[in-house]
Amino acid sequence: MKKILIIFLALATLGVIVIYQQQITTAVLKIFGMEEDKKPVIKGIASLSETNKNVTIKRAADTVWNTAELNEQLAVMDSVSTGFDSTATVKFNLGYLMSIGERSLVVIEDPKQEAANLIEVSFDQGTLEARSIQPAPTTTKGSSTTATVNGNVPVTPGAESPQTTFRIKSNNTVTEVKGATDLAMSVDKVNKKAEIWIKIGEARVRDNKGTVVVIKQNEKKVVSTETIVPEPEPQEEILPPPPEPEPEKVVPKKVKPKKPEKRLTRNDVIRAVARQRKKIDTCYERNRKTAGNGKSLAINLVIRNTGIVSGATILRSNLEDPTVERCVIFWMRALKFPTFDGKPIEETINFAFQ
């Protein structure tokens, strides 16, 4: 009986070692101070100065969302996401604090104009607040005096500090502020509207057609993230022009028949999604233990006539796993459809996971 018990304990111990081999190796290396730091060196342009509850980060060259750490460095094209009742604060090296509200997604863009003191972020959903940080105090060394702006750029005494531009891209609109600024912004992705409140400074909101709306200090406005409709300006009364002589009759030219419009059908959408299905299933398979079996997910897609997905939102889900949902949303936004004529269309895609 004792031999059987000894053999059973030996087999159980061997099984535990095989299953937890990586964790045991890491623990042993840590005890002897031999643990390797596998984190890559990141050239950060910002850092996470505050995190609260469920805050995750996706690196530019990665497809996986990882839990954010306090003071973690952020580089261009990194994404920050907050869950329910969660917040985060990003501190930019160029002198801005950006507070991100719950259920928000922000991507740090690459402005390719670092010398121009420009910060760009993509903000498609949720709430954020941004304010400029005052320059660091002047310090004196011996007989010479130097100053630093935002803790990193030397400035000659008496010269003006360079103004940092903070640019927020949301769908087809760009909100831009400069210098001393304090603003709050919320984006309703479903209704394609943004509410902007300027507490300090002045903002210019521009759409892709070049229409500009100016929001001044202590002013709050709601604008469309598709096309801005500026407020009409009062016009002077204009007298009608004198009547013109009747034009000569012109023989109309033959008009060529219009080409039939290109349409994007439901079958086109299903085929494109099917090509991405293997990657979407991988999102679920990696998190099957937390997501469970027999789950479903419904996503609303907004597709532009260029074939690019401009919006992907969750309509229904019983996955109860935000990691799987964010992963599926990522691959749905990466879809490319055939081009077509007309306005953007919306399609609902249903997934069932076994």
# chains A, B, ... in the order shown; residues from 1 in each chain; ligands from 1
call {"tool": "residues_around", "arguments": {"residues": "range 127-130 of chain A", "least_positions_apart": "6", "cutoff": "6 Å", "atoms": "only C-alpha atoms", "output": "PyMOL selection string"}}
result
chain A and resi 97-101+182-186
call {"tool": "residues_around", "arguments": {"residues": "range 201-215 of chain A", "least_positions_apart": "2", "cutoff": "10 Å", "atoms": "only C-alpha atoms", "output": "number ranges by chain"}}
result
A: 131, 166-183, 196-199, 217-221, 223-231
call {"tool": "atom_distance", "arguments": {"atom1": "CA of Glu285 in chain A", "atom2": "CA of Thr25 in chain A"}}
result
26.1 Å
call {"tool": "residues_around", "arguments": {"residues": "range 67-73 of chain A", "least_positions_apart": "3", "cutoff": "7 Å", "atoms": "only C-alpha atoms", "output": "short mmCIF file (atom, residue, chain, number, x, y, z; two decimals) with C-alpha atoms, in the first residue's frame"}}
result
data_model
loop_
_atom_site.label_atom_id
_atom_site.label_comp_id
_atom_site.auth_asym_id
_atom_site.auth_seq_id
_atom_site.Cartn_x
_atom_site.Cartn_y
_atom_site.Cartn_z
CA ILE A 42 10.38 51.85 -25.52
CA GLY A 44 8.26 57.01 -24.97
CA ALA A 46 4.27 60.01 -22.89
CA SER A 47 3.66 57.94 -19.75
CA LEU A 48 0.73 56.68 -17.66
CA SER A 49 0.79 58.88 -14.55
CA GLU A 50 -2.47 57.42 -13.15
CA THR A 51 -4.47 54.22 -13.68
CA VAL A 55 -6.92 49.98 -18.01
CA THR A 56 -5.24 48.15 -20.90
CA ILE A 57 -2.57 49.00 -23.51
#
call {"tool": "select_by_dssp", "arguments": {"residues": "range 41-282 of chain A", "states": "helix (DSSP H, G or I)", "output": "list in words"}}
result
Glu114, Ala115, Ala116, Arg266, Asn267, Asp268, Val269, Ile270, Arg271, Ala272, Val273, Ala274, Arg275, Gln276, Arg277, Lys278, Lys279, Ile280, Asp281 and Thr282 of chain A
call {"tool": "write_last_selection", "arguments": {"atoms": "N, CA and C atoms", "output": "PDB file, in the first residue's frame"}}
result
ATOM      1  N   GLU A 114       7.669  66.249 -34.916  1.00  0.00           N
ATOM      2  CA  GLU A 114       8.091  66.375 -33.522  1.00  0.00           C
ATOM      3  C   GLU A 114       8.732  67.736 -33.238  1.00  0.00           C
ATOM      4  N   ALA A 115       9.447  68.281 -34.241  1.00  0.00           N
ATOM      5  CA  ALA A 115      10.096  69.574 -34.035  1.00  0.00           C
ATOM      6  C   ALA A 115       9.091  70.706 -33.930  1.00  0.00           C
ATOM      7  N   ALA A 116       7.870  70.476 -34.396  1.00  0.00           N
ATOM      8  CA  ALA A 116       6.837  71.515 -34.380  1.00  0.00           C
ATOM      9  C   ALA A 116       6.016  71.491 -33.096  1.00  0.00           C
ATOM     10  N   ARG A 266     -24.809  42.435 -49.192  1.00  0.00           N
ATOM     11  CA  ARG A 266     -24.649  41.689 -47.934  1.00  0.00           C
ATOM     12  C   ARG A 266     -23.694  40.517 -48.135  1.00  0.00           C
ATOM     13  N   ASN A 267     -23.769  39.854 -49.315  1.00  0.00           N
ATOM     14  CA  ASN A 267     -22.878  38.731 -49.594  1.00  0.00           C
ATOM     15  C   ASN A 267     -21.423  39.177 -49.662  1.00  0.00           C
ATOM     16  N   ASP A 268     -21.173  40.387 -50.226  1.00  0.00           N
ATOM     17  CA  ASP A 268     -19.798  40.918 -50.255  1.00  0.00           C
ATOM     18  C   ASP A 268     -19.268  41.080 -48.839  1.00  0.00           C
ATOM     19  N   VAL A 269     -20.124  41.579 -47.951  1.00  0.00           N
ATOM     20  CA  VAL A 269     -19.707  41.791 -46.560  1.00  0.00           C
ATOM     21  C   VAL A 269     -19.416  40.452 -45.885  1.00  0.00           C
ATOM     22  N   ILE A 270     -20.290  39.469 -46.076  1.00  0.00           N
ATOM     23  CA  ILE A 270     -20.113  38.156 -45.442  1.00  0.00           C
ATOM     24  C   ILE A 270     -18.811  37.506 -45.920  1.00  0.00           C
ATOM     25  N   ARG A 271     -18.515  37.618 -47.233  1.00  0.00           N
ATOM     26  CA  ARG A 271     -17.278  37.019 -47.752  1.00  0.00           C
ATOM     27  C   ARG A 271     -16.041  37.658 -47.144  1.00  0.00           C
ATOM     28  N   ALA A 272     -16.057  38.976 -47.008  1.00  0.00           N
ATOM     29  CA  ALA A 272     -14.905  39.680 -46.423  1.00  0.00           C
ATOM     30  C   ALA A 272     -14.709  39.288 -44.962  1.00  0.00           C
ATOM     31  N   VAL A 273     -15.810  39.169 -44.220  1.00  0.00           N
ATOM     32  CA  VAL A 273     -15.716  38.780 -42.804  1.00  0.00           C
ATOM     33  C   VAL A 273     -15.213  37.339 -42.686  1.00  0.00           C
ATOM     34  N   ALA A 274     -15.637  36.470 -43.601  1.00  0.00           N
ATOM     35  CA  ALA A 274     -15.218  35.069 -43.561  1.00  0.00           C
ATOM     36  C   ALA A 274     -13.706  34.930 -43.718  1.00  0.00           C
ATOM     37  N   ARG A 275     -13.098  35.833 -44.518  1.00  0.00           N
ATOM     38  CA  ARG A 275     -11.643  35.786 -44.692  1.00  0.00           C
ATOM     39  C   ARG A 275     -10.912  36.144 -43.397  1.00  0.00           C
ATOM     40  N   GLN A 276     -11.572  36.875 -42.536  1.00  0.00           N
ATOM     41  CA  GLN A 276     -10.968  37.294 -41.254  1.00  0.00           C
ATOM     42  C   GLN A 276     -11.374  36.368 -40.106  1.00  0.00           C
ATOM     43  N   ARG A 277     -12.246  35.373 -40.380  1.00  0.00           N
ATOM     44  CA  ARG A 277     -12.855  34.575 -39.308  1.00  0.00           C
ATOM     45  C   ARG A 277     -11.813  33.790 -38.504  1.00  0.00           C
ATOM     46  N   LYS A 278     -10.735  33.326 -39.172  1.00  0.00           N
ATOM     47  CA  LYS A 278      -9.736  32.537 -38.459  1.00  0.00           C
ATOM     48  C   LYS A 278      -9.084  33.359 -37.363  1.00  0.00           C
ATOM     49  N   LYS A 279      -8.772  34.645 -37.640  1.00  0.00           N
ATOM     50  CA  LYS A 279      -8.150  35.516 -36.637  1.00  0.00           C
ATOM     51  C   LYS A 279      -9.142  35.835 -35.523  1.00  0.00           C
ATOM     52  N   ILE A 280     -10.419  36.009 -35.893  1.00  0.00           N
ATOM     53  CA  ILE A 280     -11.446  36.305 -34.890  1.00  0.00           C
ATOM     54  C   ILE A 280     -11.641  35.108 -33.960  1.00  0.00           C
ATOM     55  N   ASP A 281     -11.619  33.887 -34.537  1.00  0.00           N
ATOM     56  CA  ASP A 281     -11.741  32.692 -33.699  1.00  0.00           C
ATOM     57  C   ASP A 281     -10.552  32.561 -32.746  1.00  0.00           C
ATOM     58  N   THR A 282      -9.377  33.024 -33.201  1.00  0.00           N
ATOM     59  CA  THR A 282      -8.189  32.977 -32.338  1.00  0.00           C
ATOM     60  C   THR A 282      -8.393  33.846 -31.099  1.00  0.00           C
TER      61      THR A 282
END
call {"tool": "select_by_dssp", "arguments": {"residues": "range 47-225 of chain A", "states": "strand (DSSP E)", "output": "PyMOL selection string"}}
result
chain A and resi 47-52+55-58+66-67+73-74+79-82+87-92+96-100+105-108+118-132+139-141+144-149+153-155+165-170+173-178+182-188+193-200+203-207+212-215+219-224
